[in-house]
>>> print(open('final.cif').read())   # mmCIF, C-alpha atoms
data_entry
#
loop_
_atom_site.label_atom_id
_atom_site.label_comp_id
_atom_site.auth_asym_id
_atom_site.auth_seq_id
_atom_site.Cartn_x
_atom_site.Cartn_y
_atom_site.Cartn_z
CA MET I 1 -2.86 -11.03 -30.46
CA THR I 2 -0.34 -13.61 -29.38
CA PRO I 3 -1.94 -17.03 -29.61
CA SER I 4 -1.41 -19.39 -26.75
CA THR I 5 0.43 -22.51 -27.75
CA GLY I 6 -1.87 -24.55 -25.53
CA ALA I 7 1.10 -26.60 -24.43
CA THR I 8 0.78 -27.88 -20.89
CA SER I 9 3.90 -27.04 -18.95
CA PRO I 10 5.11 -30.34 -17.60
CA LEU I 11 5.42 -31.08 -13.95
CA THR I 12 8.03 -33.70 -13.21
CA ALA I 13 9.31 -35.42 -10.08
CA LEU I 14 12.77 -36.96 -9.70
CA PRO I 15 14.16 -38.88 -6.72
CA LEU I 16 16.61 -37.01 -4.51
CA ARG I 17 20.16 -38.23 -4.27
CA GLY I 18 21.51 -38.94 -0.83
CA ARG I 19 18.28 -38.70 1.14
CA PRO I 20 14.70 -39.98 0.88
CA GLY I 21 12.52 -37.64 -1.12
CA ALA I 22 11.85 -36.04 -4.47
CA ARG I 23 12.49 -32.87 -6.42
CA LEU I 24 9.52 -31.32 -8.18
CA CYS I 25 10.15 -29.37 -11.38
CA GLY I 26 7.65 -27.12 -13.18
CA SER I 27 4.40 -25.42 -12.20
CA CYS I 28 1.52 -26.66 -10.06
CA ASP I 29 -1.83 -25.30 -11.28
CA LEU I 30 -5.12 -26.44 -12.79
CA ASP I 31 -3.29 -27.65 -15.91
CA THR I 32 -0.94 -29.92 -13.94
CA ARG I 33 -3.33 -31.06 -11.20
CA GLN I 34 -3.15 -34.74 -12.18
CA ALA I 35 0.63 -34.69 -12.48
CA LEU I 36 0.95 -33.25 -8.96
CA ALA I 37 -1.43 -35.87 -7.55
CA GLY I 38 0.66 -38.58 -9.20
CA ALA I 39 3.93 -37.11 -7.90
CA LEU I 40 2.61 -36.82 -4.36
CA GLY I 41 1.44 -40.45 -4.57
CA VAL I 42 5.00 -41.46 -5.42
CA VAL I 43 6.39 -39.31 -2.59
CA ALA I 44 3.97 -40.92 -0.12
CA ALA I 45 5.37 -44.34 -1.02
CA ILE I 46 8.97 -43.34 -0.20
CA PRO I 47 9.92 -45.05 3.07
CA GLY I 48 11.55 -43.34 6.01
CA PRO I 49 10.63 -41.22 9.03
CA VAL I 50 11.40 -37.96 7.19
CA VAL I 51 10.76 -37.51 3.46
CA HIS I 52 12.08 -34.40 1.73
CA LEU I 53 10.30 -32.52 -1.03
CA ASP I 54 12.55 -30.08 -2.88
CA LEU I 55 10.47 -27.25 -4.36
CA SER I 56 13.39 -25.08 -5.52
CA ALA I 57 12.60 -25.78 -9.18
CA VAL I 58 8.86 -25.14 -8.82
CA ALA I 59 8.04 -21.77 -10.33
CA PHE I 60 4.50 -21.57 -9.01
CA LEU I 61 1.97 -23.33 -6.78
CA ASP I 62 -1.69 -22.38 -6.80
CA PRO I 63 -3.90 -22.71 -3.69
CA ALA I 64 -5.26 -26.10 -4.77
CA ALA I 65 -1.69 -27.39 -5.07
CA VAL I 66 -0.89 -26.04 -1.60
CA ALA I 67 -4.05 -27.76 -0.33
CA ALA I 68 -2.76 -31.02 -1.85
CA LEU I 69 0.57 -30.53 -0.03
CA VAL I 70 -1.33 -29.91 3.22
CA ARG I 71 -3.25 -33.17 2.76
CA ALA I 72 -0.04 -35.06 1.94
CA SER I 73 1.68 -33.58 5.02
CA ALA I 74 -1.27 -34.57 7.21
CA ASP I 75 -1.08 -38.12 5.85
CA PHE I 76 2.61 -38.28 6.77
CA VAL I 77 1.87 -37.03 10.28
CA GLY I 78 -0.92 -39.61 10.57
CA GLN I 79 1.71 -42.29 9.89
CA GLY I 80 4.05 -40.83 12.50
CA ARG I 81 6.29 -39.44 9.72
CA ARG I 82 7.22 -36.00 8.40
CA LEU I 83 7.13 -34.42 4.95
CA LEU I 84 9.72 -31.65 4.92
CA LEU I 85 9.41 -28.97 2.20
CA HIS I 86 12.51 -27.20 0.90
CA ASP I 87 12.83 -23.83 -0.87
CA PRO I 88 9.16 -23.18 -1.70
CA PRO I 89 8.42 -20.36 -4.16
CA TYR I 90 6.79 -17.03 -3.26
CA SER I 91 3.35 -18.30 -4.25
CA LEU I 92 3.38 -21.03 -1.60
CA ARG I 93 4.51 -18.61 1.10
CA LYS I 94 1.78 -16.17 0.06
CA VAL I 95 -0.93 -18.86 0.20
CA VAL I 96 0.33 -19.85 3.68
CA GLU I 97 0.09 -16.18 4.69
CA MET I 98 -3.50 -16.02 3.42
CA PHE I 99 -4.62 -19.35 4.92
CA PRO I 100 -2.41 -19.66 8.02
CA ASP I 101 -4.59 -22.03 10.06
CA GLU I 102 -5.17 -24.50 7.27
CA CYS I 103 -1.49 -24.49 6.28
CA ALA I 104 -0.26 -25.09 9.82
CA ALA I 105 0.38 -28.75 8.92
CA LEU I 106 3.01 -27.76 6.35
CA GLU I 107 6.59 -28.09 7.53
CA VAL I 108 9.09 -25.94 5.69
CA ALA I 109 12.80 -26.51 6.28
CA ALA I 110 14.50 -23.43 7.70
CA MET W 1 -28.85 16.63 16.71
CA ILE W 2 -28.74 13.45 14.68
CA THR W 3 -30.82 10.52 15.70
CA VAL W 4 -29.23 7.14 16.06
CA PRO W 5 -30.83 4.11 14.46
CA ALA W 6 -32.45 1.78 16.93
CA PRO W 7 -32.19 -1.87 15.93
CA ALA W 8 -35.61 -3.03 14.80
CA GLY W 9 -35.44 -6.29 16.67
CA PRO W 10 -33.08 -9.02 17.72
CA GLY W 11 -33.26 -10.85 14.39
CA ALA W 12 -33.33 -7.91 12.06
CA PHE W 13 -30.64 -6.58 9.75
CA VAL W 14 -30.45 -2.79 9.68
CA HIS W 15 -28.41 -0.94 7.06
CA PRO W 16 -28.75 2.83 7.36
CA ALA W 17 -26.79 5.52 5.55
CA LEU W 18 -25.94 8.46 7.80
CA PHE W 19 -25.71 11.67 5.76
CA TYR W 20 -23.42 14.14 7.55
CA ARG W 21 -22.35 17.66 6.63
CA ASP W 22 -19.40 18.15 8.96
CA LEU W 23 -17.30 16.42 11.58
CA THR W 24 -19.57 17.58 14.39
CA GLU W 25 -22.55 15.81 12.83
CA TYR W 26 -20.33 12.83 12.11
CA VAL W 27 -19.12 12.48 15.69
CA ALA W 28 -22.63 13.02 17.10
CA GLY W 29 -24.28 10.44 14.81
CA VAL W 30 -21.61 7.76 14.59
CA GLY W 31 -20.44 8.34 18.17
CA GLY W 32 -23.99 8.02 19.47
CA PHE W 33 -24.44 4.74 17.60
CA VAL W 34 -21.17 3.36 18.99
CA ARG W 35 -21.91 4.48 22.57
CA GLY W 36 -25.36 2.88 22.42
CA ALA W 37 -23.91 -0.41 21.22
CA LEU W 38 -21.19 -0.39 23.89
CA ALA W 39 -23.77 0.36 26.59
CA ALA W 40 -25.75 -2.66 25.40
CA ASP W 41 -22.58 -4.77 25.52
CA GLU W 42 -22.79 -5.50 21.81
CA PRO W 43 -19.72 -6.23 19.67
CA VAL W 44 -18.63 -3.11 17.76
CA LEU W 45 -16.49 -2.84 14.63
CA VAL W 46 -15.57 0.64 13.40
CA ALA W 47 -14.15 0.53 9.85
CA VAL W 48 -13.68 4.16 8.79
CA PRO W 49 -10.84 6.29 7.38
CA GLY W 50 -8.12 7.03 9.95
CA PRO W 51 -8.93 10.72 10.63
CA HIS W 52 -12.56 9.83 11.33
CA ALA W 53 -11.47 7.10 13.71
CA ASP W 54 -9.28 9.66 15.50
CA ALA W 55 -12.24 12.04 15.91
CA LEU W 56 -14.43 9.24 17.23
CA ARG W 57 -11.77 8.08 19.69
CA GLU W 58 -11.41 11.61 20.98
CA SER W 59 -15.17 11.99 21.44
CA LEU W 60 -15.40 8.69 23.30
CA GLY W 61 -12.83 9.94 25.82
CA ALA W 62 -10.11 8.08 27.68
CA GLY W 63 -10.91 4.38 27.72
CA GLY W 64 -14.15 5.00 25.84
CA GLY W 65 -12.89 3.14 22.80
CA ALA W 66 -12.17 -0.03 24.75
CA GLY W 67 -14.09 -3.00 23.42
CA ILE W 68 -14.20 -1.58 19.90
CA THR W 69 -12.49 -3.30 16.99
CA TRP W 70 -10.94 -0.53 14.87
CA THR W 71 -10.01 -0.94 11.21
CA ASP W 72 -8.62 1.74 8.91
CA MET W 73 -11.00 1.63 5.95
CA THR W 74 -8.43 3.24 3.64
CA GLU W 75 -6.40 0.02 4.05
CA LEU W 76 -9.11 -2.65 4.36
CA GLY W 77 -11.33 -0.93 1.82
CA ARG W 78 -8.67 0.28 -0.57
CA ASN W 79 -10.11 -2.49 -2.73
CA PRO W 80 -13.84 -2.32 -1.85
CA GLY W 81 -14.19 -5.99 -2.84
CA ARG W 82 -12.39 -6.97 0.38
CA ILE W 83 -14.70 -5.25 2.83
CA LEU W 84 -17.70 -7.57 2.88
CA ALA W 85 -15.64 -10.64 3.82
CA ALA W 86 -14.14 -8.70 6.75
CA LEU W 87 -17.56 -7.51 7.98
CA GLN W 88 -18.96 -11.05 7.77
CA GLU W 89 -15.92 -12.43 9.59
CA PHE W 90 -16.56 -9.97 12.42
CA ALA W 91 -20.23 -10.99 12.61
CA ASP W 92 -19.25 -14.68 12.47
CA ARG W 93 -16.73 -14.24 15.30
CA ASN W 94 -19.58 -12.83 17.38
CA ALA W 95 -22.22 -15.36 16.32
CA GLY W 96 -25.26 -15.30 18.58
CA ARG W 97 -24.80 -11.59 19.30
CA ALA W 98 -25.93 -8.62 17.24
CA ALA W 99 -22.87 -7.13 15.55
CA ARG W 100 -22.86 -3.32 15.36
CA ILE W 101 -20.67 -2.15 12.52
CA VAL W 102 -19.73 1.27 11.21
CA GLY W 103 -18.58 0.89 7.61
CA GLU W 104 -17.50 3.93 5.62
CA PRO W 105 -16.44 2.63 2.18
CA VAL W 106 -16.93 5.91 0.28
CA TRP W 107 -15.09 9.15 1.00
CA PRO W 108 -14.19 12.25 -1.02
CA GLY W 109 -11.14 11.59 -3.19
CA ARG W 110 -12.10 8.06 -4.17
CA SER W 111 -11.67 7.50 -7.93
CA PRO W 112 -14.82 6.89 -10.01
CA ALA W 113 -13.79 3.25 -10.53
CA GLU W 114 -13.41 2.78 -6.76
CA VAL W 115 -16.78 4.40 -6.10
CA VAL W 116 -18.49 1.99 -8.51
CA GLU W 117 -17.02 -0.99 -6.67
CA ALA W 118 -17.79 0.55 -3.26
CA THR W 119 -21.39 1.04 -4.38
CA ARG W 120 -21.49 -2.60 -5.52
CA HIS W 121 -20.22 -3.57 -2.07
CA GLU W 122 -22.95 -1.48 -0.41
CA ALA W 123 -25.64 -3.21 -2.48
CA LEU W 124 -24.26 -6.67 -1.71
CA ILE W 125 -24.23 -5.96 2.04
CA ASN W 126 -28.03 -6.23 1.84
CA THR W 127 -27.78 -9.67 0.21
CA ALA W 128 -25.04 -11.01 2.47
CA PHE W 129 -26.56 -9.86 5.77
CA ALA W 130 -30.24 -10.53 4.99
CA GLY W 131 -31.85 -12.08 8.07
CA ARG W 132 -28.76 -11.66 10.26
CA PRO W 133 -29.04 -9.77 13.54
CA ALA W 134 -26.69 -6.91 12.77
CA THR W 135 -26.50 -3.21 12.00
CA VAL W 136 -24.13 -1.74 9.41
CA LEU W 137 -24.16 2.06 9.65
CA CYS W 138 -22.57 3.81 6.65
CA PRO W 139 -21.63 7.49 6.98
CA TYR W 140 -21.71 9.61 3.79
CA ASP W 141 -20.17 13.07 3.49
CA VAL W 142 -22.98 14.83 1.61
CA VAL W 143 -20.91 18.02 1.24
CA GLY W 144 -17.74 16.42 -0.12
CA LEU W 145 -19.26 13.70 -2.30
CA ALA W 146 -20.82 14.18 -5.74
CA PRO W 147 -24.65 14.21 -5.77
CA ALA W 148 -24.71 11.06 -7.93
CA VAL W 149 -22.68 9.18 -5.31
CA VAL W 150 -25.08 10.24 -2.56
CA GLY W 151 -27.94 9.28 -4.90
CA ASP W 152 -26.54 5.77 -5.17
CA ALA W 153 -26.34 5.61 -1.37
CA ARG W 154 -30.10 6.24 -1.32
CA ARG W 155 -30.51 3.19 -3.58
CA THR W 156 -28.28 0.87 -1.54
CA HIS W 157 -29.54 1.73 1.96
CA PRO W 158 -33.07 0.82 3.08
CA VAL W 159 -32.90 3.51 5.77
CA LEU W 160 -31.50 7.06 5.65
CA ILE W 161 -30.54 9.22 8.58
CA GLU W 162 -30.76 12.74 7.22
CA HIS W 163 -31.44 16.16 8.76
CA GLY W 164 -31.83 14.52 12.14
CA ARG W 165 -34.49 12.12 10.96
CA ASP W 166 -34.46 8.36 10.50
CA LEU W 167 -36.61 7.44 7.50
CA PRO W 168 -37.03 4.63 4.98
CA SER W 169 -35.30 5.40 1.67
CA THR W 170 -37.89 5.73 -1.08
CA ALA W 171 -35.11 5.13 -3.64
CA TYR W 172 -33.98 1.84 -2.08
CA THR W 173 -33.45 -0.72 -4.86
CA ASP W 174 -32.91 -4.46 -4.93
CA ALA W 175 -29.21 -5.41 -4.91
CA ALA W 176 -29.46 -7.39 -8.16
CA ARG W 177 -30.82 -4.34 -9.95
CA VAL W 178 -28.19 -2.01 -8.50
CA THR W 179 -25.29 -4.30 -9.40
CA ALA W 180 -26.71 -4.83 -12.91
CA ASP W 181 -26.82 -1.04 -13.33
CA LEU W 182 -23.17 -0.86 -12.23
CA ASP W 183 -22.15 -3.46 -14.83
CA ARG W 184 -21.81 -0.81 -17.52
CA PRO W 185 -18.99 -1.18 -20.06
CA LEU W 186 -15.52 -0.24 -18.89
CA PRO W 187 -13.61 2.49 -20.75
CA GLU W 188 -11.03 1.24 -23.24
CA PRO W 189 -7.41 1.85 -22.22
CA ASP W 190 -5.67 4.86 -23.77
CA GLY W 191 -2.17 3.61 -24.42
CA PRO W 192 -0.53 0.44 -25.71
CA VAL W 193 -2.05 -2.87 -24.61
CA ALA W 194 -0.38 -6.29 -24.44
CA ARG W 195 -2.76 -9.13 -25.20
CA LEU W 196 -2.70 -12.92 -24.87
CA ALA W 197 -5.45 -15.45 -25.54
CA TYR W 198 -5.34 -18.66 -23.48
CA THR W 199 -7.08 -21.97 -23.11
CA HIS W 200 -6.52 -25.26 -21.28
CA GLY W 201 -2.83 -25.97 -20.90
CA GLY W 202 -1.92 -22.30 -21.16
CA LEU W 203 -1.77 -21.16 -17.52
CA ALA W 204 2.02 -21.33 -17.26
CA GLU W 205 2.29 -19.27 -20.43
CA VAL W 206 -0.19 -16.72 -19.03
CA ARG W 207 1.98 -16.27 -15.93
CA GLU W 208 5.23 -16.12 -17.93
CA TYR W 209 3.77 -13.60 -20.37
CA ALA W 210 2.44 -11.38 -17.57
CA GLU W 211 5.67 -11.70 -15.59
CA ASN W 212 7.84 -10.68 -18.55
CA TRP W 213 5.56 -7.75 -19.31
CA ALA W 214 5.36 -6.62 -15.67
CA ARG W 215 9.16 -6.59 -15.36
CA GLY W 216 9.02 -3.50 -17.53
CA THR W 217 6.84 -1.67 -15.00
CA ALA W 218 7.74 -0.04 -11.69
CA LEU W 219 5.99 -2.73 -9.63
CA THR W 220 8.12 -4.09 -6.78
CA PRO W 221 9.00 -7.81 -7.11
CA ALA W 222 6.52 -8.72 -4.34
CA ARG W 223 3.65 -6.74 -5.85
CA ARG W 224 4.50 -8.18 -9.26
CA SER W 225 4.28 -11.70 -7.80
CA ASP W 226 0.97 -10.85 -6.11
CA LEU W 227 -0.44 -9.62 -9.41
CA ILE W 228 0.76 -12.75 -11.24
CA MET W 229 -0.96 -14.93 -8.62
CA ALA W 230 -4.18 -12.95 -9.08
CA ILE W 231 -3.96 -13.21 -12.87
CA SER W 232 -3.32 -16.95 -12.63
CA GLU W 233 -6.38 -17.45 -10.39
CA ALA W 234 -8.56 -15.40 -12.74
CA ALA W 235 -7.33 -17.32 -15.79
CA ALA W 236 -7.85 -20.65 -14.01
CA ASN W 237 -11.43 -19.55 -13.29
CA SER W 238 -11.85 -18.92 -17.05
CA LEU W 239 -10.81 -22.49 -17.70
CA ALA W 240 -12.99 -23.99 -14.97
CA HIS W 241 -16.05 -21.70 -15.04
CA GLY W 242 -15.69 -19.27 -17.94
CA GLY W 243 -16.02 -21.43 -21.03
CA GLY W 244 -12.53 -22.93 -21.02
CA LYS W 245 -10.76 -19.95 -22.57
CA GLY W 246 -10.19 -16.26 -22.10
CA THR W 247 -8.14 -13.19 -22.95
CA LEU W 248 -5.57 -11.37 -20.85
CA ARG W 249 -4.81 -7.70 -21.54
CA LEU W 250 -2.16 -5.65 -19.73
CA TRP W 251 -1.51 -1.93 -19.65
CA THR W 252 -0.50 0.93 -17.40
CA ALA W 253 -2.65 3.92 -16.50
CA ALA W 254 -2.40 7.08 -14.47
CA GLY W 255 -3.31 6.27 -10.89
CA PRO W 256 -4.67 8.42 -8.11
CA GLY W 257 -2.20 11.21 -7.47
CA ALA W 258 1.08 11.00 -9.38
CA GLY W 259 1.37 7.21 -9.34
CA ILE W 260 1.12 4.70 -12.16
CA VAL W 261 -1.26 1.78 -11.90
CA VAL W 262 -0.71 -1.55 -13.60
CA VAL W 263 -3.95 -3.01 -14.92
CA ALA W 264 -4.55 -6.64 -15.88
CA GLU W 265 -7.85 -7.48 -17.51
CA ILE W 266 -9.18 -11.02 -17.72
CA HIS W 267 -12.18 -11.54 -19.94
CA ASP W 268 -13.99 -14.81 -20.57
CA GLY W 269 -17.40 -16.22 -21.43
CA GLY W 270 -18.39 -16.83 -17.83
CA ARG W 271 -21.26 -15.55 -15.78
CA LEU W 272 -21.18 -14.52 -12.14
CA ALA W 273 -23.57 -17.21 -10.89
CA ASP W 274 -23.22 -16.06 -7.27
CA PRO W 275 -22.93 -12.28 -6.85
CA LEU W 276 -21.34 -12.87 -3.44
CA ALA W 277 -18.57 -15.09 -4.84
CA GLY W 278 -15.22 -14.04 -3.41
CA ARG W 279 -16.79 -11.82 -0.75
CA ARG W 280 -16.57 -14.33 2.04
CA ARG W 281 -13.39 -15.97 3.33
CA PRO W 282 -13.23 -19.42 1.73
CA SER W 283 -11.50 -22.51 3.04
CA LEU W 284 -8.22 -23.42 1.33
CA ALA W 285 -9.69 -26.76 0.31
CA SER W 286 -12.86 -25.36 -1.28
CA ALA W 287 -12.91 -26.11 -4.98
CA HIS W 288 -15.30 -23.49 -6.34
CA GLY W 289 -14.44 -20.20 -8.04
CA GLY W 290 -15.05 -18.19 -4.86
CA ARG W 291 -11.64 -19.09 -3.47
CA GLY W 292 -9.85 -17.62 -6.46
CA LEU W 293 -11.98 -14.47 -6.45
CA TRP W 294 -11.44 -13.95 -2.72
CA MET W 295 -7.68 -14.27 -3.21
CA ILE W 296 -7.80 -11.86 -6.15
CA HIS W 297 -9.56 -9.29 -3.94
CA GLN W 298 -6.88 -9.67 -1.25
CA LEU W 299 -3.97 -9.47 -3.73
CA CYS W 300 -5.05 -6.39 -5.69
CA ASP W 301 -5.46 -2.70 -4.85
CA LEU W 302 -8.71 -2.52 -6.81
CA VAL W 303 -10.77 -5.13 -8.64
CA GLU W 304 -13.31 -3.91 -11.16
CA VAL W 305 -16.00 -6.53 -11.81
CA ARG W 306 -18.30 -6.59 -14.81
CA ALA W 307 -20.84 -9.34 -15.42
CA ALA W 308 -22.49 -8.76 -18.79
CA ALA W 309 -24.28 -10.76 -21.45
CA SER W 310 -21.04 -10.67 -23.46
CA GLY W 311 -19.13 -12.38 -20.66
CA PHE W 312 -17.29 -11.79 -17.42
CA THR W 313 -14.53 -9.23 -17.01
CA LEU W 314 -12.15 -8.54 -14.15
CA ARG W 315 -9.78 -5.59 -14.11
CA LEU W 316 -7.06 -6.08 -11.52
CA HIS W 317 -5.19 -2.97 -10.39
CA ALA W 318 -1.76 -2.92 -8.76
CA ALA W 319 -0.33 0.44 -7.76
CA THR W 320 3.35 1.19 -8.26
CA PRO W 321 5.30 2.93 -5.49
#
>>> encode(input="final.cif", output="structure tokens")
Amino acid sequence: MTPSTGATSPLTALPLRGRPGARLCGSCDLDTRQALAGALGVVAAIPGPVVHLDLSAVAFLDPAAVAALVRASADFVGQGRRLLLHDPPYSLRKVVEMFPDECAALEVAA
Amino acid sequence: MITVPAPAGPGAFVHPALFYRDLTEYVAGVGGFVRGALAADEPVLVAVPGPHADALRESLGAGGGAGITWTDMTELGRNPGRILAALQEFADRNAGRAARIVGEPVWPGRSPAEVVEATRHEALINTAFAGRPATVLCPYDVVGLAPAVVGDARRTHPVLIEHGRDLPSTAYTDAARVTADLDRPLPEPDGPVARLAYTHGGLAEVREYAENWARGTALTPARRSDLIMAISEAAANSLAHGGGKGTLRLWTAAGPGAGIVVVAEIHDGGRLADPLAGRRRPSLASAHGGRGLWMIHQLCDLVEVRAAASGFTLRLHAATP
């Protein structure tokens, strides 16, 4: 049997260059729930009418992480702002496909 | 002539098995049930294999199938663990009216593993629909199916329609007892098995390990990603509800026909506290294990479930093209 190392894969967030927003890096699951909540808190504090969230370096999002993105997007809309997602992985698109009504608040850049 | 079950009352749930010997009996019994429901302006869902739907449509005549919701059971019910959520969704959409459903989850040619899960589904219908005003009529091909399969149908249906008569089933058995009887040990895989133990902090490694292994199979990239999502949900349930650790095993097996099936087994120390977990559409925001199980049922071609004293086991099947 291969033993698991037990190492939590880190989830990091870095500011975007050239436009307001952040780039998430890593995986969003039960093991990184707190890190995602922290990152989305930072993103919410970025000023501007449109804030960009680059997901191109996110390997995986579980449904709870997508639910957190939905809540964050709804908060932006409540403030008259937009949270624009870029390059989400397959897992996010699949969760949206499975929960279309609840994910309607998500805005993914074309 | 086959009699058609008459709903016992506006608040009653009726779950008869209709034992048929040929297509003529099928069309007479099921068609009569559907025509009666349409005449009473009740919402009708027909979830049966495609050829049976074709025969019913033909018997109903031009325009006779209007007002019926048709679902090909070989698609919806390919994984029997998906069916109950769909039936409940139909009843929920028609809340306040008595839903009339034809559900045929068992047909000749189903693999033994599929039949076990379809029988589990049949037992859990009784739990899920208890007290709801609805009828779920389940046709069984008593010529094409093995006697043991028909015997299980006698245990899971309170009422049998057989030889033109509509009678209580003397073999009818409580759902908890039936599902416990189905929780017999799974056969060990024949060939080589890849194995990984995991605990908190190990979910990314579980996905990476499964992904690397699955790249060596004939799964398409999309089906591989679906399976990885299902594995990740099952492993996360181990961490949250199954004692905080578990074991993943991966192997390939001969599938139905000439195909190869990829199997992922997740075993942990959990118990299935709610036998209906995952068999009703959850909300995205719900934080209990039912959301993960429901997703697993949607993502896989078959999910074998075993709740035993030694722990909780899921075998997730993904068919290769």
>>> closest_residue(input="final.cif", among="I:Val66, I:Leu16, I:Ser27, I:Leu55", to="Pro89 in chain I", atoms="all atoms listed in the file")
I:Leu55
>>> closest_residue(input="final.cif", among="I:Pro63, I:Gly41, I:Pro49, I:Pro10", to="Arg81 in chain I", atoms="all atoms listed in the file")
I:Pro49
>>> residues_around(input="final.cif", residues="Pro88 in chain I", least_positions_apart="2", cutoff="9 Å", atoms="all atoms listed in the file", output="ChimeraX atom specification")
/I:54-61,85-86,90-93,108
>>> closest_residue(input="final.cif", among="I:Ile46, I:Ala72, I:Gly78, I:Gly26", to="chain W", atoms="only C-alpha atoms")
I:Gly26
>>> resolve_selection(input="final.cif", expression="the PyMOL selection byres ((chain W and resi 42-58) around 8)", output="JSON, numbers by chain")
{"W": [23, 27, 30, 31, 34, 37, 38, 39, 40, 41, 59, 60, 61, 62, 64, 65, 67, 68, 69, 70, 71, 72, 73, 74, 90, 94, 97, 98, 99, 100, 101, 102, 103, 104, 105]}
>>> interface_residues(input="final.cif", of="chain I", to="chain W", cutoff="12 Å", atoms="only C-alpha atoms", output="PyMOL selection string")
chain I and resi 1-11+26-33+58-71+89-104
>>> write_last_selection(input="final.cif", atoms="C-alpha atoms", output="tab-separated table (two decimals), keeping the file's coordinate frame")
chain	number	residue	atom	x	y	z
I	1	MET	CA	-2.86	-11.03	-30.46
I	2	THR	CA	-0.34	-13.61	-29.38
I	3	PRO	CA	-1.94	-17.03	-29.61
I	4	SER	CA	-1.41	-19.39	-26.75
I	5	THR	CA	0.43	-22.51	-27.75
I	6	GLY	CA	-1.87	-24.55	-25.53
I	7	ALA	CA	1.10	-26.60	-24.43
I	8	THR	CA	0.78	-27.88	-20.89
I	9	SER	CA	3.90	-27.04	-18.95
I	10	PRO	CA	5.11	-30.34	-17.60
I	11	LEU	CA	5.42	-31.08	-13.95
I	26	GLY	CA	7.65	-27.12	-13.18
I	27	SER	CA	4.40	-25.42	-12.20
I	28	CYS	CA	1.52	-26.66	-10.06
I	29	ASP	CA	-1.83	-25.30	-11.28
I	30	LEU	CA	-5.12	-26.44	-12.79
I	31	ASP	CA	-3.29	-27.65	-15.91
I	32	THR	CA	-0.94	-29.92	-13.94
I	33	ARG	CA	-3.33	-31.06	-11.20
I	58	VAL	CA	8.86	-25.14	-8.82
I	59	ALA	CA	8.04	-21.77	-10.33
I	60	PHE	CA	4.50	-21.57	-9.01
I	61	LEU	CA	1.97	-23.33	-6.78
I	62	ASP	CA	-1.69	-22.38	-6.80
I	63	PRO	CA	-3.90	-22.71	-3.69
I	64	ALA	CA	-5.26	-26.10	-4.77
I	65	ALA	CA	-1.69	-27.39	-5.07
I	66	VAL	CA	-0.89	-26.04	-1.60
I	67	ALA	CA	-4.05	-27.76	-0.33
I	68	ALA	CA	-2.76	-31.02	-1.85
I	69	LEU	CA	0.57	-30.53	-0.03
I	70	VAL	CA	-1.33	-29.91	3.22
I	71	ARG	CA	-3.25	-33.17	2.76
I	89	PRO	CA	8.42	-20.36	-4.16
I	90	TYR	CA	6.79	-17.03	-3.26
I	91	SER	CA	3.35	-18.30	-4.25
I	92	LEU	CA	3.38	-21.03	-1.60
I	93	ARG	CA	4.51	-18.61	1.10
I	94	LYS	CA	1.78	-16.17	0.06
I	95	VAL	CA	-0.93	-18.86	0.20
I	96	VAL	CA	0.33	-19.85	3.68
I	97	GLU	CA	0.09	-16.18	4.69
I	98	MET	CA	-3.50	-16.02	3.42
I	99	PHE	CA	-4.62	-19.35	4.92
I	100	PRO	CA	-2.41	-19.66	8.02
I	101	ASP	CA	-4.59	-22.03	10.06
I	102	GLU	CA	-5.17	-24.50	7.27
I	103	CYS	CA	-1.49	-24.49	6.28
I	104	ALA	CA	-0.26	-25.09	9.82
>>> residues_around(input="final.cif", residues="Thr12 in chain I", least_positions_apart="2", cutoff="9 Å", atoms="all atoms listed in the file", output="list in words")
Pro10, Leu14, Arg23, Leu24, Cys25, Gly26, Ala35, Leu36 and Ala39 of chain I
>>> build_atoms(input="final.cif", residues="range 109-116 of chain W", atoms="N, CA and C atoms", output="JSON list (two decimals), in the coordinates of the input")
[["chain", "number", "residue", "atom", "x", "y", "z"],
["W", 109, "GLY", "N", -12.47, 11.92, -2.71],
["W", 109, "GLY", "CA", -11.14, 11.59, -3.19],
["W", 109, "GLY", "C", -11.05, 10.21, -3.79],
["W", 110, "ARG", "N", -12.05, 9.37, -3.52],
["W", 110, "ARG", "CA", -12.10, 8.06, -4.17],
["W", 110, "ARG", "C", -12.22, 8.25, -5.69],
["W", 111, "SER", "N", -11.55, 7.41, -6.47],
["W", 111, "SER", "CA", -11.67, 7.50, -7.93],
["W", 111, "SER", "C", -13.04, 6.98, -8.35],
["W", 112, "PRO", "N", -13.52, 7.39, -9.52],
["W", 112, "PRO", "CA", -14.82, 6.89, -10.01],
["W", 112, "PRO", "C", -14.89, 5.36, -10.04],
["W", 113, "ALA", "N", -13.79, 4.72, -10.46],
["W", 113, "ALA", "CA", -13.79, 3.25, -10.53],
["W", 113, "ALA", "C", -13.94, 2.65, -9.13],
["W", 114, "GLU", "N", -13.29, 3.27, -8.14],
["W", 114, "GLU", "CA", -13.41, 2.78, -6.76],
["W", 114, "GLU", "C", -14.82, 2.97, -6.24],
["W", 115, "VAL", "N", -15.42, 4.12, -6.59],
["W", 115, "VAL", "CA", -16.78, 4.40, -6.10],
["W", 115, "VAL", "C", -17.78, 3.38, -6.66],
["W", 116, "VAL", "N", -17.61, 3.00, -7.93],
["W", 116, "VAL", "CA", -18.49, 1.99, -8.51],
["W", 116, "VAL", "C", -18.40, 0.69, -7.70]]
